[in-house]
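The file entry-v7.cif comes next; it holds mmCIF, C-alpha atoms.
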data_input
loop_
_atom_site.label_atom_id
_atom_site.label_comp_id
_atom_site.auth_asym_id
_atom_site.auth_seq_id
_atom_site.Cartn_x
_atom_site.Cartn_y
_atom_site.Cartn_z
CA MET V 1 -17.57 50.85 -0.55
CA PHE V 2 -16.49 47.87 -2.67
CA GLU V 3 -19.39 45.73 -1.46
CA GLN V 4 -21.86 48.54 -2.17
CA THR V 5 -20.49 48.96 -5.70
CA LEU V 6 -20.65 45.21 -6.27
CA LEU V 7 -24.24 45.11 -5.04
CA PHE V 8 -25.15 48.04 -7.29
CA PHE V 9 -23.72 46.29 -10.35
CA GLN V 10 -25.53 43.06 -9.46
CA GLN V 11 -28.81 44.95 -9.22
CA SER V 12 -28.13 46.98 -12.35
CA PRO V 13 -26.34 44.78 -14.93
CA PHE V 14 -26.63 47.48 -17.61
CA SER V 15 -24.61 49.88 -15.44
CA PHE V 16 -22.01 47.14 -15.07
CA TYR V 17 -21.77 46.70 -18.84
CA ILE V 18 -21.39 50.46 -19.32
CA PHE V 19 -18.62 50.54 -16.72
CA VAL V 20 -16.83 47.61 -18.38
CA ALA V 21 -17.14 49.27 -21.80
CA LEU V 22 -15.74 52.62 -20.66
CA PHE V 23 -12.92 51.08 -18.64
CA SER V 24 -12.05 48.74 -21.51
CA LEU V 25 -11.82 51.68 -23.92
CA ILE V 26 -9.05 53.05 -21.70
CA ILE V 27 -7.42 49.63 -21.60
CA GLY V 28 -7.67 49.45 -25.39
CA SER V 29 -5.78 52.74 -25.68
CA PHE V 30 -3.03 51.29 -23.50
CA LEU V 31 -2.98 48.08 -25.56
CA ASN V 32 -2.21 50.17 -28.63
CA VAL V 33 0.88 51.43 -26.83
CA VAL V 34 1.92 47.92 -25.82
CA VAL V 35 1.44 46.53 -29.32
CA TYR V 36 3.48 49.33 -30.89
CA ARG V 37 6.27 49.69 -28.33
CA PHE V 38 6.81 46.26 -26.80
CA PRO V 39 8.28 44.62 -29.94
CA GLN V 40 10.63 47.61 -30.28
CA MET V 41 11.65 47.21 -26.64
CA MET V 42 12.35 43.52 -27.30
CA HIS V 43 14.48 44.31 -30.36
CA ASN V 44 16.43 46.93 -28.39
CA THR V 45 17.11 44.38 -25.65
CA TRP V 46 18.20 41.75 -28.17
CA TYR V 47 20.53 44.25 -29.86
CA THR V 48 22.12 45.24 -26.54
CA ASP V 49 22.52 41.61 -25.47
CA CYS V 50 24.10 40.67 -28.79
CA ARG V 51 26.53 43.59 -28.54
CA GLU V 52 27.54 42.44 -25.08
CA PHE V 53 27.86 38.78 -26.12
CA LEU V 54 29.91 39.63 -29.23
CA ALA V 55 31.85 42.47 -27.62
CA ASP V 56 35.26 41.39 -28.96
CA GLU V 57 34.04 40.70 -32.50
CA LEU V 58 32.11 43.98 -32.71
CA LYS V 59 34.55 46.27 -30.94
CA ASP V 60 35.48 48.04 -34.18
CA ILE V 61 31.84 48.53 -35.21
CA PRO V 62 30.23 51.51 -33.50
CA ALA V 63 26.99 50.72 -31.70
CA LYS V 64 23.87 52.51 -32.81
CA LYS V 65 22.33 54.89 -30.35
CA ILE V 66 19.16 53.54 -28.77
CA ALA V 67 16.78 56.10 -27.35
CA PRO V 68 15.16 55.20 -24.01
CA LEU V 69 11.90 53.39 -24.66
CA THR V 70 9.40 51.98 -22.20
CA LEU V 71 5.63 51.71 -22.15
CA SER V 72 5.48 55.15 -20.52
CA ILE V 73 8.59 56.91 -21.89
CA PRO V 74 8.64 58.92 -24.12
CA ASN V 75 5.21 60.50 -24.31
CA SER V 76 3.08 59.61 -27.30
CA THR V 77 3.87 61.73 -30.36
CA CYS V 78 2.86 62.00 -33.99
CA LEU V 79 4.99 59.60 -36.04
CA LYS V 80 5.57 62.27 -38.71
CA CYS V 81 6.04 65.63 -36.96
CA ASP V 82 6.78 64.51 -33.36
CA HIS V 83 3.89 66.61 -32.07
CA LYS V 84 3.30 65.64 -28.43
CA ILE V 85 -0.20 64.28 -28.15
CA ARG V 86 -2.16 66.17 -25.51
CA PHE V 87 -4.42 64.32 -23.08
CA TYR V 88 -7.58 65.57 -24.79
CA GLU V 89 -6.22 64.30 -28.11
CA ASN V 90 -5.86 60.83 -26.65
CA ILE V 91 -9.41 60.10 -25.51
CA PRO V 92 -10.26 56.62 -26.85
CA VAL V 93 -12.20 56.67 -30.13
CA ILE V 94 -13.66 60.15 -29.49
CA SER V 95 -10.42 62.05 -30.10
CA TRP V 96 -9.80 60.21 -33.37
CA LEU V 97 -13.31 61.05 -34.56
CA PHE V 98 -13.04 64.67 -33.41
CA LEU V 99 -9.69 65.09 -35.19
CA ARG V 100 -11.09 63.31 -38.24
CA GLY V 101 -8.29 60.81 -38.12
CA LYS V 102 -5.53 63.40 -38.55
CA CYS V 103 -2.76 64.91 -36.45
CA SER V 104 -3.83 68.30 -35.08
CA GLN V 105 -0.43 69.75 -36.02
CA CYS V 106 0.68 68.37 -39.38
CA LYS V 107 -2.63 66.84 -40.54
CA ASN V 108 -0.91 63.51 -41.19
CA SER V 109 -3.38 60.64 -41.17
CA ILE V 110 -3.71 58.64 -37.95
CA ALA V 111 -4.36 54.97 -38.66
CA ALA V 112 -7.94 53.85 -38.09
CA ARG V 113 -6.49 50.80 -36.39
CA TYR V 114 -6.08 52.71 -33.12
CA PRO V 115 -9.77 53.46 -32.51
CA LEU V 116 -10.70 50.05 -33.92
CA VAL V 117 -8.52 48.31 -31.33
CA GLU V 118 -10.07 50.44 -28.58
CA ALA V 119 -13.59 49.71 -29.79
CA ALA V 120 -12.87 46.00 -30.24
CA THR V 121 -11.43 45.81 -26.72
CA ALA V 122 -14.59 47.37 -25.32
CA LEU V 123 -16.85 45.12 -27.39
CA LEU V 124 -15.08 41.86 -26.46
CA SER V 125 -14.97 42.93 -22.81
CA VAL V 126 -18.71 43.64 -22.74
CA VAL V 127 -19.45 40.28 -24.38
CA THR V 128 -17.37 38.62 -21.68
CA ALA V 129 -19.19 40.57 -18.96
CA ILE V 130 -22.59 39.60 -20.38
CA GLN V 131 -21.56 35.95 -20.54
CA PHE V 132 -20.26 35.69 -16.96
CA GLY V 133 -22.01 38.56 -15.18
CA VAL V 134 -20.70 40.33 -12.08
CA SER V 135 -18.23 37.67 -10.98
CA ILE V 136 -14.58 36.85 -10.41
CA GLU V 137 -14.72 34.83 -13.63
CA THR V 138 -15.44 38.01 -15.58
CA LEU V 139 -12.48 39.83 -14.05
CA LEU V 140 -10.12 36.95 -14.80
CA LEU V 141 -11.36 36.55 -18.37
CA LEU V 142 -11.10 40.28 -18.99
CA ILE V 143 -7.41 40.11 -18.09
CA LEU V 144 -7.00 37.16 -20.44
CA THR V 145 -8.98 38.89 -23.21
CA TRP V 146 -6.80 42.00 -23.04
CA GLY V 147 -3.67 39.86 -23.15
CA LEU V 148 -4.95 37.93 -26.16
CA ILE V 149 -5.64 41.17 -28.04
CA CYS V 150 -2.01 42.18 -27.49
CA LEU V 151 -0.71 38.79 -28.60
CA THR V 152 -2.92 38.72 -31.69
CA LEU V 153 -1.78 42.11 -32.94
CA ILE V 154 1.91 41.62 -32.09
CA ASP V 155 1.97 38.24 -33.83
CA PHE V 156 0.14 39.68 -36.82
CA ASP V 157 2.64 42.56 -37.10
CA HIS V 158 5.91 40.87 -36.13
CA MET V 159 5.26 37.11 -35.96
CA LEU V 160 6.16 37.20 -32.28
CA LEU V 161 4.35 35.82 -29.25
CA PRO V 162 6.33 37.34 -26.37
CA ASP V 163 6.95 35.08 -23.38
CA GLN V 164 6.54 38.16 -21.17
CA ILE V 165 2.83 38.11 -22.03
CA VAL V 166 2.15 34.43 -22.75
CA MET V 167 3.77 32.86 -19.70
CA PRO V 168 2.10 35.01 -16.99
CA LEU V 169 -1.27 34.25 -18.58
CA LEU V 170 -0.45 30.53 -18.67
CA TRP V 171 0.48 30.48 -14.99
CA LEU V 172 -2.57 32.58 -14.17
CA GLY V 173 -4.73 29.93 -15.83
CA LEU V 174 -3.25 27.23 -13.59
CA LEU V 175 -3.60 29.37 -10.48
CA VAL V 176 -7.24 30.30 -11.07
CA ASN V 177 -8.06 26.64 -11.49
CA LEU V 178 -6.55 25.67 -8.14
CA GLN V 179 -10.12 25.83 -6.85
CA GLY V 180 -11.64 24.63 -10.14
CA THR V 181 -12.83 28.08 -11.23
CA PHE V 182 -13.20 26.97 -14.86
CA VAL V 183 -12.02 23.34 -14.85
CA PRO V 184 -10.54 20.98 -12.23
CA LEU V 185 -6.86 21.57 -11.57
CA THR V 186 -5.94 18.13 -12.90
CA ASP V 187 -7.60 18.92 -16.23
CA ALA V 188 -5.83 22.30 -16.33
CA VAL V 189 -2.38 20.78 -15.75
CA ILE V 190 -2.97 18.03 -18.28
CA GLY V 191 -4.37 20.61 -20.69
CA ALA V 192 -1.25 22.76 -20.44
CA ALA V 193 1.01 19.75 -20.99
CA VAL V 194 -1.06 18.33 -23.86
CA GLY V 195 -1.38 21.76 -25.46
CA TYR V 196 2.36 22.29 -25.51
CA MET V 197 3.44 18.77 -26.42
CA SER V 198 0.90 18.30 -29.21
CA LEU V 199 2.09 21.28 -31.26
CA PHE V 200 5.70 20.60 -30.25
CA SER V 201 5.40 17.09 -31.70
CA ILE V 202 3.76 18.35 -34.90
CA PHE V 203 6.51 20.97 -35.24
CA TRP V 204 9.29 18.40 -35.08
CA LEU V 205 7.50 15.88 -37.29
CA PHE V 206 7.01 18.56 -39.94
CA LYS V 207 10.63 19.68 -39.62
CA VAL V 208 11.97 16.12 -39.96
CA LEU V 209 9.82 15.45 -43.02
CA THR V 210 10.31 18.77 -44.83
CA GLY V 211 13.38 20.38 -43.30
CA ARG V 212 11.34 23.51 -42.58
CA GLU V 213 9.73 24.93 -39.47
CA GLY V 214 5.96 24.96 -39.76
CA MET V 215 5.24 27.17 -36.75
CA GLY V 216 6.95 29.17 -34.04
CA HIS V 217 7.68 28.05 -30.49
CA GLY V 218 5.34 30.73 -29.20
CA ASP V 219 2.42 28.80 -30.70
CA PHE V 220 3.20 25.82 -28.42
CA LYS V 221 3.05 28.05 -25.37
CA LEU V 222 -0.12 29.81 -26.48
CA PHE V 223 -1.87 26.47 -26.98
CA ALA V 224 -0.61 25.39 -23.55
CA LEU V 225 -2.04 28.63 -22.14
CA PHE V 226 -5.51 27.68 -23.33
CA GLY V 227 -5.07 24.18 -22.00
CA ALA V 228 -4.39 25.68 -18.57
CA TRP V 229 -7.62 27.70 -18.73
CA ILE V 230 -10.07 25.28 -20.37
CA GLY V 231 -8.54 21.86 -19.69
CA TRP V 232 -7.61 19.22 -22.23
CA GLN V 233 -11.13 18.21 -23.27
CA LEU V 234 -11.84 21.25 -25.47
CA LEU V 235 -8.39 21.48 -27.07
CA PRO V 236 -9.45 19.41 -30.12
CA LEU V 237 -12.27 21.87 -30.80
CA LEU V 238 -9.90 24.83 -30.42
CA ILE V 239 -7.23 23.49 -32.76
CA LEU V 240 -9.88 22.42 -35.27
CA MET V 241 -11.38 25.92 -35.44
CA ALA V 242 -7.95 27.58 -35.59
CA SER V 243 -6.75 25.25 -38.35
CA VAL V 244 -9.87 25.68 -40.48
CA VAL V 245 -9.79 29.47 -40.21
CA GLY V 246 -6.03 29.55 -40.80
CA ALA V 247 -6.36 27.34 -43.88
CA VAL V 248 -9.18 29.46 -45.32
CA VAL V 249 -7.24 32.69 -44.75
CA GLY V 250 -4.02 31.19 -46.15
CA ILE V 251 -5.70 29.92 -49.31
CA SER V 252 -7.50 33.24 -49.77
CA LEU V 253 -4.24 35.16 -49.50
CA MET V 254 -2.60 32.93 -52.11
CA LEU V 255 -5.56 33.26 -54.49
CA PHE V 256 -6.34 36.96 -54.15
CA LYS V 257 -3.23 38.63 -52.69
CA ASN V 258 -0.44 36.80 -54.58
CA HIS V 259 0.78 35.43 -51.26
CA GLN V 260 3.70 33.05 -51.84
CA ARG V 261 3.20 29.50 -50.64
CA GLU V 262 6.50 29.54 -48.77
CA GLN V 263 5.72 32.86 -47.09
CA ALA V 264 4.96 32.38 -43.41
CA ILE V 265 1.56 33.24 -41.95
CA PRO V 266 1.25 33.82 -38.20
CA PHE V 267 -0.83 31.10 -36.53
CA GLY V 268 -1.11 32.85 -33.15
CA PRO V 269 -4.05 35.10 -34.13
CA TYR V 270 -6.14 32.10 -35.16
CA LEU V 271 -5.29 30.28 -31.95
CA ALA V 272 -6.11 33.37 -29.89
CA VAL V 273 -9.48 34.02 -31.54
CA SER V 274 -10.49 30.35 -31.49
CA GLY V 275 -9.33 30.02 -27.89
CA TRP V 276 -11.36 33.04 -26.78
CA ILE V 277 -14.47 31.66 -28.48
CA THR V 278 -13.87 28.27 -26.88
CA LEU V 279 -13.53 29.85 -23.44
CA LEU V 280 -16.92 31.52 -23.74
CA TRP V 281 -18.97 29.03 -25.74
CA GLY V 282 -16.79 25.94 -26.16
CA ASN V 283 -19.00 23.47 -24.32
CA GLY V 284 -22.06 24.43 -26.33
CA ILE V 285 -20.17 24.34 -29.64
CA TRP V 286 -18.60 20.98 -28.81
CA ALA V 287 -21.98 19.49 -27.85
CA TRP V 288 -23.47 20.74 -31.12
CA TYR V 289 -20.55 19.33 -33.14
CA ILE V 290 -20.78 15.91 -31.51
CA ALA V 291 -24.52 15.87 -32.16
CA GLN V 292 -23.92 16.62 -35.85
CA ILE V 293 -21.42 13.79 -36.37
CA SER V 294 -23.27 11.25 -34.26
#

Write-out of the structure in structure tokens:
Amino acid sequence: MFEQTLLFFQQSPFSFYIFVALFSLIIGSFLNVVVYRFPQMMHNTWYTDCREFLADELKDIPAKKIAPLTLSIPNSTCLKCDHKIRFYENIPVISWLFLRGKCSQCKNSIAARYPLVEAATALLSVVTAIQFGVSIETLLLLILTWGLICLTLIDFDHMLLPDQIVMPLLWLGLLVNLQGTFVPLTDAVIGAAVGYMSLFSIFWLFKVLTGREGMGHGDFKLFALFGAWIGWQLLPLLILMASVVGAVVGISLMLFKNHQREQAIPFGPYLAVSGWITLLWGNGIWAWYIAQIS
């Protein structure tokens, strides 16, 4: 059955792209849940751990009640009226359009971000499928793409790059390159090490010179993640693109949004977007860049 399906997709690439798009819409709906709930789950864990660690000091301070929260419990509800969202109200993109972006019960607005994340997940997944075709590379890069979408949104919202997402993807990058799927294993290992140590060194140099932290530790690990997938050779291109985009966005925010110079801006989203682009088209971009400066 699997071989027949694979053969069908190879003979009909358009059917494969449609399948990837529809499946990725479902994944995008799940990513919305992860992005919203996972940071809360992390904060709940930190609160519980701190209470346990400081048990004697906090014994006279009553602990706040924390409702059970996982990626599946409780069921999705309206943030305003607690209306339980029915399955037909949770169809990616379509339900939001059908409900006109409002809760069916209280008519409170539902953020357009939810269908946009679902649509973006489908779009990026289809682009990946077109680039690599019906192959194991596509499957692996789809997993990475979905993880990067989560990391981008969580970092944008909370300035967090959870190890629970970053580290499995980093190790996956090393494992898939055991047989040189994307780059030789040696390049992948060196890439992970160089990715981490380069930003780690910049972090400490900036801290010694200014007394402030210029980036979070999660950025080191995210850069190492890309090193594990693409090797060390394309890391300069990745960091160049991420830095340019980050600088442009930062300056724009200060000029047009009254963003304070000292106010932190998450760097993870720029790394994630630049890294994804580098994964798909890095060699071509790098060759073009070298030709321009030669």

All residues 12 Å or closer to segment 16-28 of chain V, all atoms listed in the file, same chain fewer than 5 positions away omitted, as a PyMOL selection string: chain V and resi 5-11+33-35+90-94+113-135+138-139+142-143+145-150

Going by the chain IDs and residue numbers used in this file, which residues fall under the PyMOL selection byres ((chain V and resi 104) around 10)? Write them as a list in words.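 Expected selection for the PyMOL selection byres ((chain V and resi 104) around 10) here is Cys78, His83, Ile85, Arg86, Glu89, Leu99, Arg100, Gly101, Lys102, Cys103, Gln105, Cys106, Lys107, Asn108 and Ser109 of chain V.
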
Produce a table with one row for each residue of segment 224-249 of chain V that has an atom at most 8 Å from any atom of segment 182-186 of chain V, each row naming the nearest atom pair and its distance in Å at one decimal; use only C-alpha atoms; arrange rows by chain and rising residue number; format as CSV.
residue,atom,partner,partner_atom,distance
V:Trp229,CA,V:Phe182,CA,6.8
V:Ile230,CA,V:Val183,CA,6.2
V:Gly231,CA,V:Val183,CA,6.1

Taking (-9.2, 26.5, -26.5) as a centre in this file's frame and 10 Å as the limit, can you find every polymer residue with an atom that close, using all atoms listed in the file, and give them as a PyMOL selection string? chain V and resi 191+195+222-242+271-280+282

Please report the interatomic distance between atom CA of Asp187 of chain V and atom CA of Lys221 of chain V in Å with one decimal.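 We find that atom CA of Asp187 of chain V and atom CA of Lys221 of chain V lie 16.7 Å from each other.
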
Between atom CA of Ala112 of chain V and atom CA of Leu140 of chain V, what is the spacing in Å?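 Distance reported for this atom pair: 28.9 Å.
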
For the file shown, what are the residues hit by the PyMOL selection byres ((chain V and resi 40) around 12), laid out as a count of residues only? 25

For each of V:Val189, V:Met167, V:Leu54, V:His217, take the minimum atom-to-atom distance to Ile202 of chain V, counting all atoms listed in the file, then give the residue where this is smallest. V:His217

Using all atoms listed in the file, can you tell me which of V:Ala291, V:Glu213, V:Ala55, V:Ala188 comes closest to Phe200 of chain V?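 Smallest distance to Phe200 of chain V is found for V:Glu213.
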
Apply the PyMOL selection byres ((chain V and resi 216) around 9) to the displayed file and report the matching residues as a PyMOL selection string. chain V and resi 159-161+203+213-215+217-220+266-268

Enclose the full set of atoms of segment 271-286 of chain V listed in the file within a box whose edges lie along x, y and z, apply 5 Å of padding to each of the six sides, and report centre and edge lengths in Å to one decimal as AutoDock Vina command-line options.
--center_x -13.7 --center_y 27.5 --center_z -27.7 --size_x 26.8 --size_y 23.0 --size_z 18.5

Calculated over only C-alpha atoms, which of the candidates V:Leu174, V:Ser12, V:Thr48, V:Leu144 has the smallest distance to Ile190 of chain V? V:Leu174

Figure out the distance between atom CA of Phe156 of chain V and atom CA of Ile265 of chain V, please, to one decimal in Å.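 Here the two named atoms are 8.4 Å from each other.
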
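Counting all atoms listed in the file and comparing V:Leu151, V:Leu178, V:Val249, V:Cys50, the residue that lies closest to Val166 of chain V is V:Leu151.
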
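In terms of minimum interatomic distance to Asn32 of chain V, V:Ala111 ranks closest within V:Ala111, V:Trp288, V:Asp49, V:Met197, counting all atoms listed in the file.
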
Take segment 54-76 of chain V, model N, CA, C and O atoms, and hand the result over as a PDB file, in the frame of the given file.
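Output contents, as saved in rebuild17.pdb:
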ATOM      1  N   LEU V  54      28.899  39.599 -28.170  1.00  0.00           N
ATOM      2  CA  LEU V  54      29.910  39.630 -29.230  1.00  0.00           C
ATOM      3  C   LEU V  54      30.807  40.863 -29.104  1.00  0.00           C
ATOM      4  O   LEU V  54      31.214  41.444 -30.099  1.00  0.00           O
ATOM      5  N   ALA V  55      31.101  41.226 -27.873  1.00  0.00           N
ATOM      6  CA  ALA V  55      31.850  42.470 -27.620  1.00  0.00           C
ATOM      7  C   ALA V  55      33.186  42.495 -28.351  1.00  0.00           C
ATOM      8  O   ALA V  55      33.542  43.511 -28.967  1.00  0.00           O
ATOM      9  N   ASP V  56      33.940  41.412 -28.314  1.00  0.00           N
ATOM     10  CA  ASP V  56      35.260  41.390 -28.960  1.00  0.00           C
ATOM     11  C   ASP V  56      35.134  41.470 -30.474  1.00  0.00           C
ATOM     12  O   ASP V  56      35.887  42.198 -31.137  1.00  0.00           O
ATOM     13  N   GLU V  57      34.202  40.718 -31.051  1.00  0.00           N
ATOM     14  CA  GLU V  57      34.040  40.700 -32.500  1.00  0.00           C
ATOM     15  C   GLU V  57      33.515  42.030 -33.046  1.00  0.00           C
ATOM     16  O   GLU V  57      33.806  42.405 -34.181  1.00  0.00           O
ATOM     17  N   LEU V  58      32.747  42.747 -32.229  1.00  0.00           N
ATOM     18  CA  LEU V  58      32.110  43.980 -32.710  1.00  0.00           C
ATOM     19  C   LEU V  58      32.770  45.249 -32.167  1.00  0.00           C
ATOM     20  O   LEU V  58      32.227  46.344 -32.314  1.00  0.00           O
ATOM     21  N   LYS V  59      33.929  45.111 -31.576  1.00  0.00           N
ATOM     22  CA  LYS V  59      34.550  46.270 -30.940  1.00  0.00           C
ATOM     23  C   LYS V  59      34.910  47.380 -31.918  1.00  0.00           C
ATOM     24  O   LYS V  59      34.966  48.557 -31.540  1.00  0.00           O
ATOM     25  N   ASP V  60      35.131  47.029 -33.189  1.00  0.00           N
ATOM     26  CA  ASP V  60      35.480  48.040 -34.180  1.00  0.00           C
ATOM     27  C   ASP V  60      34.257  48.604 -34.908  1.00  0.00           C
ATOM     28  O   ASP V  60      34.389  49.477 -35.770  1.00  0.00           O
ATOM     29  N   ILE V  61      33.086  48.066 -34.573  1.00  0.00           N
ATOM     30  CA  ILE V  61      31.840  48.530 -35.210  1.00  0.00           C
ATOM     31  C   ILE V  61      31.080  49.374 -34.196  1.00  0.00           C
ATOM     32  O   ILE V  61      30.687  48.877 -33.138  1.00  0.00           O
ATOM     33  N   PRO V  62      30.911  50.660 -34.474  1.00  0.00           N
ATOM     34  CA  PRO V  62      30.230  51.510 -33.500  1.00  0.00           C
ATOM     35  C   PRO V  62      28.776  51.072 -33.279  1.00  0.00           C
ATOM     36  O   PRO V  62      28.078  50.704 -34.226  1.00  0.00           O
ATOM     37  N   ALA V  63      28.362  51.108 -32.035  1.00  0.00           N
ATOM     38  CA  ALA V  63      26.990  50.720 -31.700  1.00  0.00           C
ATOM     39  C   ALA V  63      26.035  51.852 -32.049  1.00  0.00           C
ATOM     40  O   ALA V  63      26.373  53.034 -31.928  1.00  0.00           O
ATOM     41  N   LYS V  64      24.864  51.481 -32.508  1.00  0.00           N
ATOM     42  CA  LYS V  64      23.870  52.510 -32.810  1.00  0.00           C
ATOM     43  C   LYS V  64      23.281  53.036 -31.506  1.00  0.00           C
ATOM     44  O   LYS V  64      23.207  52.327 -30.496  1.00  0.00           O
ATOM     45  N   LYS V  65      22.903  54.275 -31.526  1.00  0.00           N
ATOM     46  CA  LYS V  65      22.330  54.890 -30.350  1.00  0.00           C
ATOM     47  C   LYS V  65      20.870  54.490 -30.207  1.00  0.00           C
ATOM     48  O   LYS V  65      20.087  54.618 -31.148  1.00  0.00           O
ATOM     49  N   ILE V  66      20.537  53.979 -29.038  1.00  0.00           N
ATOM     50  CA  ILE V  66      19.160  53.540 -28.770  1.00  0.00           C
ATOM     51  C   ILE V  66      18.524  54.494 -27.785  1.00  0.00           C
ATOM     52  O   ILE V  66      18.987  54.630 -26.642  1.00  0.00           O
ATOM     53  N   ALA V  67      17.483  55.168 -28.233  1.00  0.00           N
ATOM     54  CA  ALA V  67      16.780  56.100 -27.350  1.00  0.00           C
ATOM     55  C   ALA V  67      16.002  55.326 -26.292  1.00  0.00           C
ATOM     56  O   ALA V  67      15.506  54.230 -26.554  1.00  0.00           O
ATOM     57  N   PRO V  68      15.919  55.870 -25.079  1.00  0.00           N
ATOM     58  CA  PRO V  68      15.160  55.200 -24.010  1.00  0.00           C
ATOM     59  C   PRO V  68      13.716  54.956 -24.463  1.00  0.00           C
ATOM     60  O   PRO V  68      13.070  55.843 -25.015  1.00  0.00           O
ATOM     61  N   LEU V  69      13.255  53.726 -24.254  1.00  0.00           N
ATOM     62  CA  LEU V  69      11.900  53.390 -24.660  1.00  0.00           C
ATOM     63  C   LEU V  69      11.286  52.426 -23.658  1.00  0.00           C
ATOM     64  O   LEU V  69      11.819  51.342 -23.411  1.00  0.00           O
ATOM     65  N   THR V  70      10.192  52.839 -23.067  1.00  0.00           N
ATOM     66  CA  THR V  70       9.400  51.980 -22.200  1.00  0.00           C
ATOM     67  C   THR V  70       7.931  52.169 -22.590  1.00  0.00           C
ATOM     68  O   THR V  70       7.631  52.913 -23.529  1.00  0.00           O
ATOM     69  N   LEU V  71       7.049  51.541 -21.863  1.00  0.00           N
ATOM     70  CA  LEU V  71       5.630  51.710 -22.150  1.00  0.00           C
ATOM     71  C   LEU V  71       5.121  53.092 -21.756  1.00  0.00           C
ATOM     72  O   LEU V  71       4.039  53.500 -22.183  1.00  0.00           O
ATOM     73  N   SER V  72       5.904  53.808 -20.963  1.00  0.00           N
ATOM     74  CA  SER V  72       5.480  55.150 -20.520  1.00  0.00           C
ATOM     75  C   SER V  72       6.414  56.262 -20.985  1.00  0.00           C
ATOM     76  O   SER V  72       6.050  57.440 -20.918  1.00  0.00           O
ATOM     77  N   ILE V  73       7.605  55.920 -21.451  1.00  0.00           N
ATOM     78  CA  ILE V  73       8.590  56.910 -21.890  1.00  0.00           C
ATOM     79  C   ILE V  73       9.044  56.554 -23.301  1.00  0.00           C
ATOM     80  O   ILE V  73       9.412  55.403 -23.568  1.00  0.00           O
ATOM     81  N   PRO V  74       9.069  57.518 -24.231  1.00  0.00           N
ATOM     82  CA  PRO V  74       8.640  58.920 -24.120  1.00  0.00           C
ATOM     83  C   PRO V  74       7.121  59.046 -24.240  1.00  0.00           C
ATOM     84  O   PRO V  74       6.430  58.050 -24.470  1.00  0.00           O
ATOM     85  N   ASN V  75       6.631  60.253 -24.110  1.00  0.00           N
ATOM     86  CA  ASN V  75       5.210  60.500 -24.310  1.00  0.00           C
ATOM     87  C   ASN V  75       4.822  60.217 -25.747  1.00  0.00           C
ATOM     88  O   ASN V  75       5.643  60.301 -26.662  1.00  0.00           O
ATOM     89  N   SER V  76       3.566  59.906 -25.953  1.00  0.00           N
ATOM     90  CA  SER V  76       3.080  59.610 -27.300  1.00  0.00           C
ATOM     91  C   SER V  76       3.205  60.850 -28.189  1.00  0.00           C
ATOM     92  O   SER V  76       2.881  61.967 -27.772  1.00  0.00           O
TER      93      SER V  76
END
